[in-house]
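**Q** Contents are TSV, C-alpha atoms; file name work15.tsv:
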chain	number	residue	atom	x	y	z
K	1	MET	CA	10.79	-3.17	-20.59
K	2	THR	CA	11.21	-2.92	-24.36
K	3	GLU	CA	9.62	-0.28	-26.59
K	4	ASN	CA	7.57	-2.98	-28.28
K	5	THR	CA	6.18	-4.12	-24.93
K	6	GLU	CA	5.17	-0.56	-24.01
K	7	ASN	CA	3.48	-0.11	-27.37
K	8	THR	CA	1.56	-3.36	-26.91
K	9	GLN	CA	0.32	-2.20	-23.50
K	10	ARG	CA	-0.87	1.11	-24.93
K	11	GLN	CA	-2.59	-0.62	-27.83
K	12	ASN	CA	-4.40	-2.97	-25.41
K	13	PRO	CA	-5.49	-0.69	-22.58
K	14	VAL	CA	-7.68	-1.97	-19.80
K	15	THR	CA	-11.25	-0.80	-20.26
K	16	GLY	CA	-12.74	-2.66	-17.28
K	17	PRO	CA	-14.24	-3.97	-15.25
K	18	VAL	CA	-11.43	-3.61	-12.71
K	19	LEU	CA	-11.69	-5.29	-9.30
K	20	VAL	CA	-10.16	-3.27	-6.48
K	21	THR	CA	-9.76	-5.47	-3.41
K	22	SER	CA	-9.98	-3.66	-0.08
K	23	GLY	CA	-11.77	-1.01	-2.09
K	24	THR	CA	-12.58	1.15	0.92
K	25	GLY	CA	-9.04	1.03	2.35
K	26	LYS	CA	-6.29	3.62	2.37
K	27	THR	CA	-5.04	2.88	-1.14
K	28	GLY	CA	-8.06	1.03	-2.51
K	29	ARG	CA	-10.50	3.92	-2.27
K	30	ARG	CA	-8.01	6.23	-3.96
K	31	VAL	CA	-7.59	3.78	-6.81
K	32	VAL	CA	-11.38	3.42	-7.12
K	33	GLU	CA	-11.80	7.21	-7.31
K	34	ARG	CA	-9.13	7.58	-9.98
K	35	LEU	CA	-10.37	4.75	-12.16
K	36	ALA	CA	-13.96	5.99	-11.92
K	37	ALA	CA	-12.80	9.50	-12.88
K	38	ARG	CA	-11.39	7.98	-16.08
K	39	GLY	CA	-14.76	6.45	-16.85
K	40	LEU	CA	-13.66	2.87	-16.19
K	41	ARG	CA	-16.04	0.33	-14.70
K	42	VAL	CA	-14.81	-0.38	-11.19
K	43	ARG	CA	-15.73	-3.05	-8.68
K	44	ALA	CA	-14.85	-1.79	-5.21
K	45	GLY	CA	-14.52	-5.00	-3.23
K	46	SER	CA	-15.20	-4.93	0.50
K	47	ARG	CA	-16.81	-7.05	3.18
K	48	ASP	CA	-20.04	-5.05	3.26
K	49	GLY	CA	-20.10	-3.31	-0.11
K	50	ALA	CA	-21.99	-3.94	-3.33
K	51	VAL	CA	-19.12	-6.16	-4.51
K	52	ALA	CA	-18.52	-8.64	-1.70
K	53	PHE	CA	-14.85	-9.40	-1.13
K	54	ASP	CA	-13.32	-10.74	2.05
K	55	TRP	CA	-9.76	-12.03	2.33
K	56	THR	CA	-10.94	-14.51	4.98
K	57	ASP	CA	-13.66	-15.99	2.72
K	58	PRO	CA	-12.33	-17.26	-0.63
K	59	SER	CA	-15.76	-18.55	-1.60
K	60	GLY	CA	-16.72	-15.08	-2.82
K	61	TRP	CA	-13.63	-14.35	-4.88
K	62	GLU	CA	-14.78	-15.93	-8.12
K	63	ALA	CA	-17.97	-13.88	-8.22
K	64	ALA	CA	-15.95	-10.70	-7.72
K	65	LEU	CA	-13.43	-11.64	-10.43
K	66	THR	CA	-15.73	-13.10	-13.08
K	67	GLY	CA	-15.69	-10.80	-16.09
K	68	ALA	CA	-12.99	-8.56	-14.64
K	69	GLU	CA	-10.19	-7.54	-16.96
K	70	ALA	CA	-7.78	-6.42	-14.25
K	71	ALA	CA	-7.43	-6.34	-10.48
K	72	TYR	CA	-5.63	-4.29	-7.84
K	73	ILE	CA	-4.66	-6.53	-4.94
K	74	ALA	CA	-4.18	-5.04	-1.46
K	75	TYR	CA	-3.98	-7.90	1.02
K	76	TYR	CA	-4.93	-7.48	4.68
K	77	PRO	CA	-3.23	-7.40	7.14
K	78	ASP	CA	0.08	-7.67	5.28
K	79	LEU	CA	1.74	-9.90	2.69
K	80	ALA	CA	4.29	-10.88	5.33
K	81	ALA	CA	1.57	-12.25	7.59
K	82	PRO	CA	1.06	-15.99	8.07
K	83	GLY	CA	-1.32	-17.36	5.46
K	84	ALA	CA	-0.59	-14.67	2.87
K	85	PRO	CA	1.26	-16.97	0.40
K	86	GLU	CA	-1.63	-19.42	0.50
K	87	ALA	CA	-4.14	-16.61	-0.07
K	88	MET	CA	-2.13	-15.26	-3.00
K	89	ALA	CA	-1.86	-18.72	-4.56
K	90	GLU	CA	-5.62	-19.18	-4.33
K	91	PHE	CA	-6.39	-15.68	-5.58
K	92	GLY	CA	-4.09	-16.18	-8.56
K	93	ALA	CA	-5.74	-19.48	-9.42
K	94	VAL	CA	-9.20	-17.89	-9.32
K	95	ALA	CA	-8.02	-14.93	-11.40
K	96	ARG	CA	-6.56	-17.35	-13.94
K	97	ARG	CA	-9.84	-19.28	-14.20
K	98	CYS	CA	-11.71	-16.01	-14.67
K	99	GLY	CA	-9.40	-14.81	-17.43
K	100	VAL	CA	-8.10	-11.71	-15.63
K	101	ARG	CA	-5.24	-10.42	-17.76
K	102	ARG	CA	-3.60	-7.72	-15.62
K	103	LEU	CA	-2.80	-7.83	-11.89
K	104	VAL	CA	-1.23	-5.11	-9.74
K	105	LEU	CA	-0.11	-6.23	-6.29
K	106	LEU	CA	0.64	-3.94	-3.36
K	107	SER	CA	3.60	-5.36	-1.45
K	108	GLY	CA	5.96	-4.24	1.27
K	109	ARG	CA	9.42	-2.89	0.69
K	110	GLY	CA	12.23	-4.96	2.18
K	111	GLU	CA	9.94	-7.78	3.37
K	112	PRO	CA	11.36	-11.24	2.52
K	113	GLN	CA	8.13	-12.95	3.53
K	114	ALA	CA	6.15	-10.66	1.25
K	115	VAL	CA	8.31	-11.82	-1.65
K	116	VAL	CA	7.20	-15.38	-0.91
K	117	ALA	CA	3.59	-14.25	-1.28
K	118	GLU	CA	4.42	-12.34	-4.46
K	119	GLU	CA	5.88	-15.47	-6.02
K	120	ALA	CA	2.91	-17.56	-4.94
K	121	LEU	CA	0.65	-15.19	-6.87
K	122	ARG	CA	2.97	-15.13	-9.87
K	123	SER	CA	3.11	-18.92	-10.02
K	124	SER	CA	-0.64	-19.41	-9.83
K	125	ALA	CA	-1.84	-16.57	-12.06
K	126	GLY	CA	-0.72	-18.18	-15.32
K	127	ASP	CA	-0.28	-15.75	-18.21
K	128	ALA	CA	-1.72	-12.76	-16.36
K	129	GLU	CA	0.59	-9.76	-16.41
K	130	LEU	CA	1.73	-9.08	-12.83
K	131	THR	CA	3.11	-5.79	-11.56
K	132	VAL	CA	4.43	-5.65	-7.99
K	133	LEU	CA	4.58	-2.36	-6.09
K	134	ARG	CA	6.83	-2.62	-3.04
K	135	SER	CA	5.89	0.39	-0.99
K	136	ALA	CA	7.55	2.32	1.79
K	137	PHE	CA	5.60	3.33	4.92
K	138	PHE	CA	2.58	5.47	3.96
K	139	ALA	CA	2.61	9.13	4.97
K	140	GLN	CA	-1.15	8.74	5.44
K	141	ASN	CA	-0.57	6.38	8.36
K	142	PHE	CA	-0.20	9.61	10.30
K	143	SER	CA	-3.51	11.07	9.09
K	144	GLU	CA	-5.80	8.10	8.40
K	145	GLY	CA	-4.21	5.14	10.13
K	146	ALA	CA	-3.36	4.01	13.62
K	147	LEU	CA	-1.08	7.01	14.26
K	148	ALA	CA	-3.69	9.68	13.48
K	149	ASP	CA	-5.13	9.86	17.00
K	150	GLY	CA	-1.64	10.21	18.40
K	151	VAL	CA	-0.89	13.15	16.11
K	152	HIS	CA	-4.14	14.79	17.19
K	153	LEU	CA	-3.19	14.30	20.84
K	154	GLY	CA	0.39	15.45	20.26
K	155	GLU	CA	2.26	12.18	20.70
K	156	VAL	CA	3.30	9.61	18.08
K	157	VAL	CA	4.26	6.31	19.72
K	158	PHE	CA	6.02	3.75	17.53
K	159	PRO	CA	8.88	1.20	17.63
K	160	ALA	CA	11.10	3.00	15.10
K	161	GLY	CA	13.94	4.29	17.24
K	162	THR	CA	16.03	6.81	15.31
K	163	THR	CA	15.74	5.03	11.96
K	164	ALA	CA	14.85	7.11	8.91
K	165	GLU	CA	12.07	6.08	6.52
K	166	PRO	CA	11.30	7.59	3.06
K	167	PHE	CA	7.55	7.91	3.65
K	168	VAL	CA	5.53	7.63	0.44
K	169	ASP	CA	2.29	9.50	-0.18
K	170	ALA	CA	-0.71	7.21	-0.77
K	171	ASP	CA	-1.91	9.55	-3.53
K	172	ASP	CA	1.35	8.98	-5.39
K	173	LEU	CA	0.98	5.25	-4.94
K	174	ALA	CA	-2.60	5.34	-6.24
K	175	ASP	CA	-1.47	7.30	-9.29
K	176	VAL	CA	1.15	4.62	-9.95
K	177	VAL	CA	-1.44	1.85	-9.57
K	178	VAL	CA	-3.76	3.49	-12.09
K	179	ALA	CA	-0.98	4.20	-14.58
K	180	VAL	CA	0.08	0.54	-14.42
K	181	LEU	CA	-3.47	-0.81	-14.55
K	182	CYS	CA	-4.19	1.30	-17.62
K	183	GLY	CA	-0.98	0.17	-19.30
K	184	GLU	CA	0.52	3.63	-19.49
K	185	ALA	CA	3.87	2.77	-17.90
K	186	GLY	CA	5.69	0.18	-15.87
K	187	ALA	CA	3.30	-2.75	-16.28
K	188	GLY	CA	4.72	-6.22	-15.69
K	189	GLU	CA	7.61	-4.97	-13.56
K	190	VAL	CA	8.59	-4.75	-9.89
K	191	HIS	CA	8.73	-1.18	-8.55
K	192	GLU	CA	9.97	0.09	-5.19
K	193	LEU	CA	8.03	3.22	-4.24
K	194	THR	CA	9.34	5.79	-1.75
K	195	GLY	CA	9.05	9.45	-1.02
K	196	PRO	CA	11.79	11.92	-2.02
K	197	ARG	CA	13.89	11.71	1.16
K	198	PRO	CA	14.15	9.70	4.37
K	199	LEU	CA	12.94	11.16	7.66
K	200	THR	CA	13.19	9.86	11.18
K	201	PHE	CA	9.93	9.67	13.09
K	202	ALA	CA	11.17	12.60	15.17
K	203	GLU	CA	11.66	14.62	11.99
K	204	ALA	CA	8.23	13.58	10.78
K	205	ALA	CA	6.79	14.74	14.11
K	206	ALA	CA	8.53	18.11	13.62
K	207	ALA	CA	6.93	18.43	10.17
K	208	LEU	CA	3.55	17.61	11.67
K	209	THR	CA	4.14	20.22	14.37
K	210	ALA	CA	4.82	22.84	11.70
K	211	ALA	CA	1.77	21.82	9.68
K	212	THR	CA	-0.72	21.65	12.56
K	213	GLY	CA	0.54	24.49	14.71
K	214	ARG	CA	0.44	22.11	17.69
K	215	GLN	CA	3.34	20.35	19.35
K	216	VAL	CA	3.69	16.76	18.11
K	217	ARG	CA	6.47	14.66	19.60
K	218	TYR	CA	7.73	11.20	18.82
K	219	VAL	CA	7.97	8.59	21.58
K	220	ALA	CA	10.06	5.51	20.81
K	221	VAL	CA	8.92	2.23	22.36
K	222	THR	CA	10.11	-1.36	22.19
K	223	GLU	CA	8.53	-4.11	20.12
K	224	ASP	CA	6.94	-5.67	23.22
K	225	GLN	CA	5.61	-2.34	24.42
K	226	TYR	CA	4.04	-1.63	21.05
K	227	SER	CA	2.46	-5.08	20.89
K	228	SER	CA	0.91	-4.51	24.31
K	229	MET	CA	-0.44	-1.15	23.15
K	230	LEU	CA	-2.09	-2.76	20.12
K	231	ILE	CA	-3.66	-5.44	22.30
K	232	ASP	CA	-5.01	-2.73	24.60
K	233	PHE	CA	-6.61	-1.12	21.54
K	234	GLY	CA	-8.39	-4.39	20.74
K	235	VAL	CA	-6.06	-5.94	18.16
K	236	PRO	CA	-5.97	-9.75	18.53
K	237	ASP	CA	-2.84	-10.95	20.33
K	238	ALA	CA	-1.33	-12.86	17.39
K	239	GLU	CA	-1.90	-9.97	14.96
K	240	ALA	CA	-0.50	-7.47	17.44
K	241	ASP	CA	2.67	-9.52	17.93
K	242	MET	CA	3.05	-9.96	14.16
K	243	LEU	CA	2.63	-6.25	13.43
K	244	ALA	CA	5.00	-5.16	16.19
K	245	GLU	CA	7.65	-7.61	15.02
K	246	LEU	CA	7.16	-6.55	11.38
K	247	PHE	CA	7.43	-2.81	12.11
K	248	THR	CA	10.53	-3.34	14.22
K	249	PHE	CA	12.14	-5.33	11.40
K	250	LEU	CA	11.16	-2.88	8.66
K	251	LEU	CA	12.49	0.07	10.64
K	252	ASP	CA	15.92	-1.36	11.39
K	253	GLY	CA	17.54	0.84	8.71
K	254	HIS	CA	17.52	-1.47	5.68
K	255	ASN	CA	14.73	0.55	4.04
K	256	ALA	CA	16.21	3.99	4.64
K	257	THR	CA	17.32	4.59	1.05
K	258	VAL	CA	15.28	6.46	-1.56
K	259	THR	CA	14.26	4.99	-4.93
K	260	ASP	CA	13.08	6.58	-8.18
K	261	GLY	CA	10.12	4.22	-8.55
K	262	VAL	CA	7.42	6.90	-8.53
K	263	LYS	CA	9.26	9.06	-11.06
K	264	ARG	CA	9.97	6.13	-13.39
K	265	VAL	CA	6.27	5.37	-13.68
K	266	LEU	CA	4.73	8.84	-13.44
K	267	GLY	CA	7.50	11.03	-14.86
K	268	ARG	CA	7.42	13.33	-11.83
K	269	ASP	CA	8.92	13.46	-8.37
K	270	PRO	CA	7.00	12.05	-5.38
K	271	LYS	CA	5.33	14.35	-2.88
K	272	PRO	CA	7.50	15.48	0.07
K	273	PHE	CA	6.29	14.60	3.57
K	274	ALA	CA	6.01	18.27	4.55
K	275	VAL	CA	3.63	18.89	1.65
K	276	PHE	CA	1.53	15.89	2.67
K	277	ALA	CA	1.38	17.18	6.26
K	278	SER	CA	0.37	20.68	5.18
K	279	GLU	CA	-2.36	19.37	2.85
K	280	ALA	CA	-3.70	16.96	5.46
K	281	ALA	CA	-3.84	19.71	8.09
K	282	GLN	CA	-5.71	22.00	5.70
K	283	ASP	CA	-8.19	19.17	5.03
K	284	GLY	CA	-8.84	18.84	8.76
K	285	ALA	CA	-7.17	15.46	9.24
K	286	TRP	CA	-6.37	16.24	12.87
K	287	GLY	CA	-9.35	18.43	13.72
K	288	GLY	CA	-7.77	21.71	12.74
K	289	ALA	CA	-4.99	23.71	14.33
Turn the structure described in the file into structure tokens.
**A**
Amino acid sequence: MTENTENTQRQNPVTGPVLVTSGTGKTGRRVVERLAARGLRVRAGSRDGAVAFDWTDPSGWEAALTGAEAAYIAYYPDLAAPGAPEAMAEFGAVARRCGVRRLVLLSGRGEPQAVVAEEALRSSAGDAELTVLRSAFFAQNFSEGALADGVHLGEVVFPAGTTAEPFVDADDLADVVVAVLCGEAGAGEVHELTGPRPLTFAEAAAALTAATGRQVRYVAVTEDQYSSMLIDFGVPDAEADMLAELFTFLLDGHNATVTDGVKRVLGRDPKPFAVFASEAAQDGAWGGA
């Protein structure tokens, strides 16, 4: 990015409204909180909220985007899922009609199919400025996601083998989203966001053990075993198979390296996993020690 481009962004900051899709989700609610704290007008999109937004019902997208200056896009279940490129193409077309000028898209790191969805959005959004954030596995998946119950019970079950992953803190990601949305740094670029160092799931379990004061162990399972577990938990068969296949692919080692994406945007280092675990334990994420 050139100095002139950065100056233009600062001279034309987003003042709102800003649509946050999946506004009650892991990253969406953090973005909503941060934007609101800055005094920006925020539309927290969700299926049952004041601003109706449902990725399975495009008929409501135009109402959510009309008058919005910017949008944070967090697609469910994943940009690598079937149908995601079509959804991104349609969302971009609606955003273009509504005159949205700045888009920030949450994407997956090392996901070729997600790149297809990214490009579908880019092609359909016209002159809107698009920033893509390709994120590593969230640390908060252990405290707020599907793995939280396992941590509480002392056993994290996942198809990761001995592969290391540079877990990124969702608070860091939300800070990056807000900085980009507000034009402070990194807008219009592609950023890969990771934590400061890679950890295996066994090492992550050891950090969780230290933080909670309870033994937490990692149990490696196969893709098929994990899919069956998800189905037993009520996840539809096709989605369970897709997620198990995706996690197995993402954790084959090709994402084990660390990037400086967080520091390039925020000017500071990302939060270490051990710090996340300690803070989450203190906040009662797993019911206390």
**Q** Counting only C-alpha atoms, figure out which residue out of K:Val42, K:Ala170, K:Val157, K:Leu246 gets nearest to Val262 in chain K.
**A**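 Using only C-alpha atoms, the shortest distance to Val262 in chain K belongs to K:Ala170.
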**Q** Excluding range 135-147 of chain K and its own-chain neighbours fewer than 4 positions away, which residues fall within 9 Å of it when counting all atoms listed in the file? Please give them as number ranges by chain.
**A** K: 26, 106-110, 151-152, 155-158, 165-170, 173, 191-195, 208, 255, 273, 276-277, 280-281, 285-286
**Q** Out of K:Ala202, K:Ala89, K:Ala187, K:Met242, which residue has the shortest atom-to-atom distance to Val216 in chain K when counting only C-alpha atoms?
**A**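 Ranked by minimum distance to Val216 in chain K, first place goes to K:Ala202.
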**Q** To one decimal place in Å, what is the distance between CA of Ala84 in chain K and CA of Leu121 in chain K?
**A**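 Calculated distance between CA of Ala84 in chain K and CA of Leu121 in chain K is 9.8 Å.
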**Q** Check the smallest atom-to-atom distance from each of K:Gly253, K:Pro13, K:Pro85, K:Pro272 to Arg197 in chain K using all atoms listed in the file, then report the winner.
**A**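 Nearest candidate to Arg197 in chain K out of K:Gly253, K:Pro13, K:Pro85, K:Pro272: K:Pro272.
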**Q** Which residues of range 176-282 of chain K sit at most 12 Å from range 96-101 of chain K, using all atoms listed in the file? Give each one's shortest atom pair and distance in Å (one decimal place), in chain and ascending residue order, as CSV.
**A**
residue,atom,partner,partner_atom,distance
K:Leu181,CA,K:Arg101,CA,10.3
K:Cys182,CA,K:Arg101,CA,11.8
K:Gly183,CA,K:Arg101,CA,11.5
K:Ala187,CA,K:Arg101,CA,11.6
K:Gly188,CA,K:Arg101,CA,11.0
**Q** Would you write out those residues with C-alpha atoms, as a short mmCIF file (atom, residue, chain, number, x, y, z; two decimals), keeping the file's coordinate frame?
**A**
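Final file, result07.cif:
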data_model
loop_
_atom_site.label_atom_id
_atom_site.label_comp_id
_atom_site.auth_asym_id
_atom_site.auth_seq_id
_atom_site.Cartn_x
_atom_site.Cartn_y
_atom_site.Cartn_z
CA LEU K 181 -3.47 -0.81 -14.55
CA CYS K 182 -4.19 1.30 -17.62
CA GLY K 183 -0.98 0.17 -19.30
CA ALA K 187 3.30 -2.75 -16.28
CA GLY K 188 4.72 -6.22 -15.69
#
**Q** So which residues touch Ala117 in chain K within 12 Å, counting all atoms listed in the file, skipping near sequence neighbours fewer than 5 positions away, as an MDAnalysis selection string?
**A** chainID K and resid 73 75 78:92 105:108 111:112 122:124 132
**Q** So how far away is CA of Val265 in chain K from CA of Thr66 in chain K, in Å?
**A**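 Pair CA of Thr66 in chain K / CA of Val265 in chain K returns 28.7 Å.
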**Q** Give as a VMD selection string every residue, naming chains and numbers as the document does, that has an atom within 12 Å of (-5.0, 9.8, -11.2), counting all atoms listed in the file.
**A** chain K and resid 30 to 39 170 to 182 184 266
**Q** Compare K:Ala128, K:Gly16, K:Thr248, K:Gly25 by their minimum atom-to-atom distance to Val221 in chain K, counting all atoms listed in the file, and give me the closest one.
**A** K:Thr248
**Q** Using only C-alpha atoms, find the one residue out of K:Ala160, K:Leu133, K:Ala64, K:Ala50 that sits nearest to Phe249 in chain K.
**A**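 Closest to Phe249 in chain K, using only C-alpha atoms: K:Ala160.
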**Q** One decimal, Å: what's the distance from CA of Leu19 in chain K over to CA of Tyr72 in chain K, could you say?
**A** 6.3 Å
